[in-house]
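Next comes upload38.json, a file with JSON, C-alpha atoms.
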[["chain", "number", "residue", "atom", "x", "y", "z"],
["A", 1060, "MET", "CA", -5.80, 28.10, 17.33],
["A", 1061, "ASP", "CA", -6.83, 24.66, 18.60],
["A", 1062, "VAL", "CA", -10.50, 25.43, 18.01],
["A", 1063, "PHE", "CA", -9.71, 26.39, 14.41],
["A", 1064, "ILE", "CA", -7.79, 23.13, 13.90],
["A", 1065, "LEU", "CA", -10.63, 21.09, 15.40],
["A", 1066, "ILE", "CA", -13.22, 22.81, 13.19],
["A", 1067, "ILE", "CA", -11.13, 22.24, 10.04],
["A", 1068, "GLY", "CA", -10.68, 18.59, 11.05],
["A", 1069, "LEU", "CA", -14.44, 18.24, 11.53],
["A", 1070, "LEU", "CA", -15.08, 19.82, 8.12],
["A", 1071, "PHE", "CA", -12.76, 17.31, 6.46],
["A", 1072, "CYS", "CA", -14.49, 14.41, 8.22],
["A", 1073, "LEU", "CA", -17.91, 15.69, 7.17],
["A", 1074, "ILE", "CA", -16.80, 16.35, 3.58],
["A", 1075, "GLY", "CA", -15.45, 12.81, 3.50],
["A", 1076, "LEU", "CA", -18.78, 11.46, 4.71],
["A", 1077, "ILE", "CA", -20.73, 13.46, 2.12],
["A", 1078, "GLY", "CA", -18.12, 12.58, -0.50],
["A", 1079, "SER", "CA", -19.07, 8.93, -0.18],
["A", 1080, "PHE", "CA", -21.86, 9.74, -2.61],
["A", 1081, "ILE", "CA", -19.85, 12.09, -4.86],
["A", 1082, "PRO", "CA", -17.31, 10.33, -7.08],
["A", 1083, "ILE", "CA", -15.01, 13.36, -7.41],
["A", 1084, "ILE", "CA", -14.20, 13.46, -3.68],
["A", 1085, "PRO", "CA", -11.86, 10.73, -2.39],
["A", 1086, "SER", "CA", -13.97, 10.37, 0.74],
["A", 1087, "PRO", "CA", -11.95, 7.92, 2.89],
["A", 1088, "ILE", "CA", -8.77, 9.91, 2.33],
["A", 1089, "THR", "CA", -10.56, 13.20, 2.98],
["A", 1090, "SER", "CA", -11.95, 11.85, 6.26],
["A", 1091, "TRP", "CA", -8.49, 10.60, 7.21],
["A", 1092, "LEU", "CA", -7.11, 14.08, 6.57],
["A", 1093, "GLY", "CA", -9.60, 15.30, 9.19],
["A", 1094, "LEU", "CA", -8.02, 12.93, 11.70],
["A", 1095, "LEU", "CA", -4.53, 14.02, 10.69],
["A", 1096, "ILE", "CA", -5.45, 17.69, 11.05],
["A", 1097, "ILE", "CA", -6.80, 17.33, 14.59],
["A", 1098, "ASN", "CA", -3.60, 15.53, 15.50],
["A", 1099, "PHE", "CA", -1.86, 18.91, 15.11],
["A", 1100, "SER", "CA", -3.90, 20.41, 17.96],
["A", 1101, "THR", "CA", -2.33, 20.48, 21.40],
["A", 1102, "ASN", "CA", -5.17, 18.47, 22.94],
["A", 1103, "VAL", "CA", -5.31, 15.48, 20.56],
["A", 1104, "GLU", "CA", -2.50, 13.06, 19.94],
["A", 1105, "PHE", "CA", -2.94, 9.94, 17.86],
["A", 1106, "SER", "CA", -0.14, 7.41, 17.72],
["A", 1107, "TYR", "CA", 1.82, 7.22, 14.50],
["A", 1108, "SER", "CA", 0.76, 3.60, 14.10],
["A", 1109, "PHE", "CA", -2.92, 4.59, 14.38],
["A", 1110, "LEU", "CA", -2.48, 7.28, 11.73],
["A", 1111, "PHE", "CA", -0.53, 4.92, 9.48],
["A", 1112, "ILE", "CA", -3.05, 2.07, 9.76],
["A", 1113, "THR", "CA", -6.04, 4.34, 9.21],
["A", 1114, "PHE", "CA", -4.28, 5.88, 6.19],
["A", 1115, "ILE", "CA", -3.59, 2.46, 4.66],
["A", 1116, "ILE", "CA", -7.24, 1.49, 5.21],
["A", 1117, "ALA", "CA", -8.38, 4.73, 3.54],
["A", 1118, "VAL", "CA", -6.15, 4.11, 0.52],
["A", 1119, "ILE", "CA", -7.31, 0.49, 0.22],
["A", 1120, "ILE", "CA", -10.99, 1.48, 0.36],
["A", 1121, "PHE", "CA", -10.37, 4.28, -2.15],
["A", 1122, "SER", "CA", -8.65, 1.79, -4.49],
["A", 1123, "PHE", "CA", -11.41, -0.81, -4.09],
["A", 1124, "ASP", "CA", -13.98, 1.84, -4.92],
["A", 1125, "LEU", "CA", -12.29, 2.36, -8.27],
["A", 1126, "ILE", "CA", -12.05, -1.35, -9.03],
["A", 1127, "ILE", "CA", -15.28, -2.90, -7.70],
["A", 1128, "PRO", "CA", -17.68, -1.51, -10.34],
["A", 1129, "MET", "CA", -15.39, -2.87, -13.06],
["A", 1130, "ILE", "CA", -15.30, -6.27, -11.36],
["A", 1131, "GLY", "CA", -19.10, -6.27, -11.11],
["A", 1132, "LEU", "CA", -19.37, -5.44, -14.80],
["A", 1133, "LYS", "CA", -16.98, -8.23, -15.78],
["A", 1134, "LYS", "CA", -18.62, -10.80, -13.46],
["A", 1135, "PHE", "CA", -21.99, -10.11, -15.04],
["A", 1136, "GLY", "CA", -20.66, -10.54, -18.59],
["A", 1137, "GLY", "CA", -19.71, -6.98, -19.51],
["A", 1138, "THR", "CA", -17.07, -5.81, -21.96],
["A", 1139, "ASN", "CA", -14.56, -2.97, -22.11],
["A", 1140, "LYS", "CA", -17.03, -0.81, -24.04],
["A", 1141, "GLY", "CA", -19.53, -1.31, -21.24],
["A", 1142, "MET", "CA", -16.88, -0.24, -18.73],
["A", 1143, "ILE", "CA", -16.09, 2.87, -20.73],
["A", 1144, "GLY", "CA", -19.80, 3.62, -21.03],
["A", 1145, "ALA", "CA", -20.27, 3.17, -17.28],
["A", 1146, "THR", "CA", -17.40, 5.56, -16.55],
["A", 1147, "ILE", "CA", -18.75, 8.19, -18.93],
["A", 1148, "GLY", "CA", -22.22, 7.67, -17.47],
["A", 1149, "LEU", "CA", -20.86, 8.14, -13.95],
["A", 1150, "LEU", "CA", -19.21, 11.42, -14.84],
["A", 1151, "LEU", "CA", -22.12, 12.78, -16.87],
["A", 1152, "GLY", "CA", -24.69, 11.49, -14.41],
["A", 1153, "GLY", "CA", -22.91, 13.21, -11.53],
["A", 1154, "ILE", "CA", -22.71, 16.50, -13.41],
["A", 1155, "ILE", "CA", -26.21, 16.48, -14.89],
["A", 1156, "GLY", "CA", -28.28, 14.45, -12.46],
["A", 1157, "GLY", "CA", -26.61, 14.99, -9.09],
["A", 1158, "PRO", "CA", -26.91, 12.13, -6.58],
["A", 1159, "ILE", "CA", -29.55, 10.28, -8.61],
["A", 1160, "GLY", "CA", -27.43, 10.69, -11.74],
["A", 1161, "ILE", "CA", -24.49, 9.03, -9.99],
["A", 1162, "ILE", "CA", -26.56, 5.85, -9.72],
["A", 1163, "ILE", "CA", -28.50, 6.02, -12.99],
["A", 1164, "GLY", "CA", -25.63, 7.38, -15.15],
["A", 1165, "PRO", "CA", -23.31, 4.36, -14.90],
["A", 1166, "PHE", "CA", -26.23, 2.00, -15.44],
["A", 1167, "ILE", "CA", -27.35, 3.77, -18.63],
["A", 1168, "GLY", "CA", -23.73, 4.27, -19.74],
["A", 1169, "ALA", "CA", -22.94, 0.57, -19.32],
["A", 1170, "ILE", "CA", -26.07, -0.43, -21.27],
["A", 1171, "SER", "CA", -25.14, 2.04, -24.04],
["A", 1172, "GLY", "CA", -21.58, 0.76, -24.21],
["A", 1173, "GLU", "CA", -22.70, -2.86, -24.30],
["A", 1174, "LEU", "CA", -25.26, -2.16, -27.02],
["A", 1175, "MET", "CA", -22.54, -0.43, -29.05],
["A", 1176, "ASN", "CA", -20.59, -3.66, -28.65],
["A", 1177, "ASN", "CA", -23.51, -5.47, -30.34],
["A", 1178, "LEU", "CA", -24.67, -7.28, -27.21],
["A", 1179, "LYS", "CA", -28.34, -8.08, -26.92],
["A", 1180, "LEU", "CA", -30.38, -5.84, -24.62],
["A", 1181, "LYS", "CA", -30.90, -8.58, -22.02],
["A", 1182, "LYS", "CA", -27.16, -9.24, -21.70],
["A", 1183, "ALA", "CA", -26.40, -5.50, -21.69],
["A", 1184, "ILE", "CA", -28.86, -4.96, -18.82],
["A", 1185, "LYS", "CA", -27.33, -7.88, -16.90],
["A", 1186, "ALA", "CA", -23.84, -6.37, -17.26],
["A", 1187, "SER", "CA", -25.20, -2.97, -16.20],
["A", 1188, "ILE", "CA", -26.67, -4.48, -13.06],
["A", 1189, "GLY", "CA", -23.17, -5.72, -12.19],
["A", 1190, "THR", "CA", -21.89, -2.17, -12.54],
["A", 1191, "LEU", "CA", -24.69, -0.86, -10.34],
["A", 1192, "ILE", "CA", -24.02, -3.47, -7.65],
["A", 1193, "GLY", "CA", -20.31, -2.61, -7.71],
["A", 1194, "LEU", "CA", -21.04, 1.10, -7.50],
["A", 1195, "LEU", "CA", -23.39, 0.68, -4.54],
["A", 1196, "ALA", "CA", -20.87, -1.58, -2.78],
["A", 1197, "GLY", "CA", -18.20, 1.09, -3.25],
["A", 1198, "ILE", "CA", -20.48, 3.80, -1.88],
["A", 1199, "ALA", "CA", -21.29, 1.63, 1.14],
["A", 1200, "MET", "CA", -17.61, 0.94, 1.86],
["A", 1201, "LYS", "CA", -16.66, 4.61, 1.57],
["A", 1202, "PHE", "CA", -19.57, 5.70, 3.75],
["A", 1203, "ILE", "CA", -18.79, 3.15, 6.48],
["A", 1204, "ILE", "CA", -15.08, 4.00, 6.71],
["A", 1205, "SER", "CA", -15.79, 7.74, 6.61],
["A", 1206, "LEU", "CA", -18.37, 7.30, 9.36],
["A", 1207, "VAL", "CA", -15.88, 5.33, 11.47],
["A", 1208, "TYR", "CA", -13.32, 8.12, 11.03],
["A", 1209, "LEU", "CA", -15.94, 10.68, 12.07],
["A", 1210, "ILE", "CA", -16.63, 8.57, 15.17],
["A", 1211, "PHE", "CA", -12.88, 8.53, 15.95],
["A", 1212, "TYR", "CA", -12.96, 12.32, 15.64],
["A", 1213, "ILE", "CA", -15.93, 12.63, 18.00],
["A", 1214, "ILE", "CA", -14.37, 10.29, 20.57],
["A", 1215, "GLU", "CA", -11.15, 12.33, 20.61],
["A", 1216, "VAL", "CA", -12.76, 15.77, 20.61],
["A", 1217, "LYS", "CA", -15.80, 15.27, 22.86],
["A", 1218, "ASP", "CA", -13.81, 15.60, 26.08],
["A", 1219, "ILE", "CA", -12.21, 18.81, 24.86],
["A", 1220, "PHE", "CA", -15.57, 20.43, 24.11],
["A", 1221, "LEU", "CA", -17.23, 19.03, 27.25],
["A", 1222, "GLY", "CA", -14.34, 20.33, 29.34],
["A", 1223, "ASN", "CA", -14.64, 23.80, 27.80],
["A", 1224, "ILE", "CA", -18.39, 23.86, 28.35],
["A", 1225, "LEU", "CA", -18.06, 22.77, 31.99],
["A", 1226, "GLU", "CA", -15.33, 25.35, 32.61],
["A", 1227, "SER", "CA", -17.59, 28.12, 31.34],
["A", 1228, "PHE", "CA", -20.14, 27.40, 34.10]]

Can I see the file as structure tokens?
Amino acid sequence: MDVFILIIGLLFCLIGLIGSFIPIIPSPITSWLGLLIINFSTNVEFSYSFLFITFIIAVIIFSFDLIIPMIGLKKFGGTNKGMIGATIGLLLGGIIGGPIGIIIGPFIGAISGELMNNLKLKKAIKASIGTLIGLLAGIAMKFIISLVYLIFYIIEVKDIFLGNILESF
């Protein structure tokens, strides 16, 4: 049963890492769930404070990821229509264009929204760059925290697997 729990925990950590680039997956929270799951094995025991702190960090990073592209758009002179366009572009880009669409979609969506708001092309592009910077910053934050959680997983589980391998010899 412990091996099953450890494998499920690893899958959650890996899905969280991959989810850093997929907007539908709440990657930091998914990676944290991997840590929580392995805590239910008999060989791994995280302290409640560790689990609580890592959960709070995951929720904060998840929240920042939702807010940062909007802040970037506003800082670079964007409007609400540009924000709506960027959101639609993110969703459509992810569905139609995959990983590349996730980056290009919000950029094109923000430009479209800003042009619909009668902004000049130069200003619309500037606002779209703010969205792109915010999106890339969010991806980087999610990837880093998910990678850290995967490292926590590896540190906790490596001795279990090494012990099992050594016992088999």

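Checking A:Gly1136, A:Ala1145, A:Gly1131, A:Leu1065 one by one against Asn1102 of chain A, counting only C-alpha atoms, you find the shortest gap at A:Leu1065.
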
Near segment 1168-1190 of chain A, 12 Å: segment 1076-1138 of chain A residue rows, closest pairs, only C-alpha atoms, as CSV:
residue,atom,partner,partner_atom,distance
A:Asp1124,CA,A:Thr1190,CA,11.7
A:Leu1125,CA,A:Thr1190,CA,11.4
A:Ile1126,CA,A:Thr1190,CA,10.5
A:Ile1127,CA,A:Thr1190,CA,8.2
A:Pro1128,CA,A:Thr1190,CA,4.8
A:Met1129,CA,A:Thr1190,CA,6.6
A:Ile1130,CA,A:Thr1190,CA,7.9
A:Gly1131,CA,A:Gly1189,CA,4.2
A:Leu1132,CA,A:Gly1189,CA,4.6
A:Lys1133,CA,A:Ala1186,CA,7.3
A:Lys1134,CA,A:Gly1189,CA,6.9
A:Phe1135,CA,A:Ala1186,CA,4.7
A:Gly1136,CA,A:Ala1186,CA,5.4
A:Gly1137,CA,A:Ala1186,CA,4.7
A:Thr1138,CA,A:Glu1173,CA,6.8

Starting from the point (-12.9, 8.3, 8.7), work out which residues of protein, DNA or RNA have an atom no more than 10 Å away when counting only C-alpha atoms; state them as a ChimeraX atom specification.
/A:1071-1073,1075-1076,1086-1094,1113-1114,1116-1117,1201-1212

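Note that the spacing between atom CA of Ile1115 of chain A and atom CA of Leu1095 of chain A amounts to 13.1 Å.
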
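The space separating atom CA of Leu1149 of chain A from atom CA of Ile1074 of chain A comes to 19.8 Å.
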
In Å and to one decimal, atom CA of Gly1160 of chain A is distant from atom CA of Phe1121 of chain A by 20.6 Å

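Minimum atom-to-atom distance to Ile1097 of chain A, evaluated using all atoms listed in the file, belongs to A:Leu1110 out of A:Ile1143, A:Ile1120, A:Ile1084, A:Leu1110.
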
One residue among A:Ile1096, A:Ile1083, A:Ile1214, A:Val1118 is nearest to Leu1069 of chain A when using all atoms listed in the file, and that residue is A:Ile1096

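Between Ser1100 of chain A and the candidates A:Ile1112, A:Ile1159, A:Ile1064, A:Ile1081, the tightest atom-to-atom separation, counting only C-alpha atoms, involves A:Ile1064.
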
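In terms of minimum interatomic distance to Glu1215 of chain A, A:Val1103 ranks closest within A:Met1142, A:Val1103, A:Leu1151, A:Leu1191, counting all atoms listed in the file.
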
Please determine, counting only C-alpha atoms, which residue among A:Pro1082, A:Gly1193, A:Phe1166, A:Lys1217 has the shortest atom-to-atom distance to Leu1150 of chain A.
A:Pro1082

Adding 3 Å on each side of the box along x, y and z that holds all listed atoms of segment 1123-1126 of chain A, could you give its centre and edge lengths in Å to one decimal, as JSON?
{"center_x": -12.7, "center_y": 0.5, "center_z": -6.6, "size_x": 8.6, "size_y": 9.7, "size_z": 10.9}
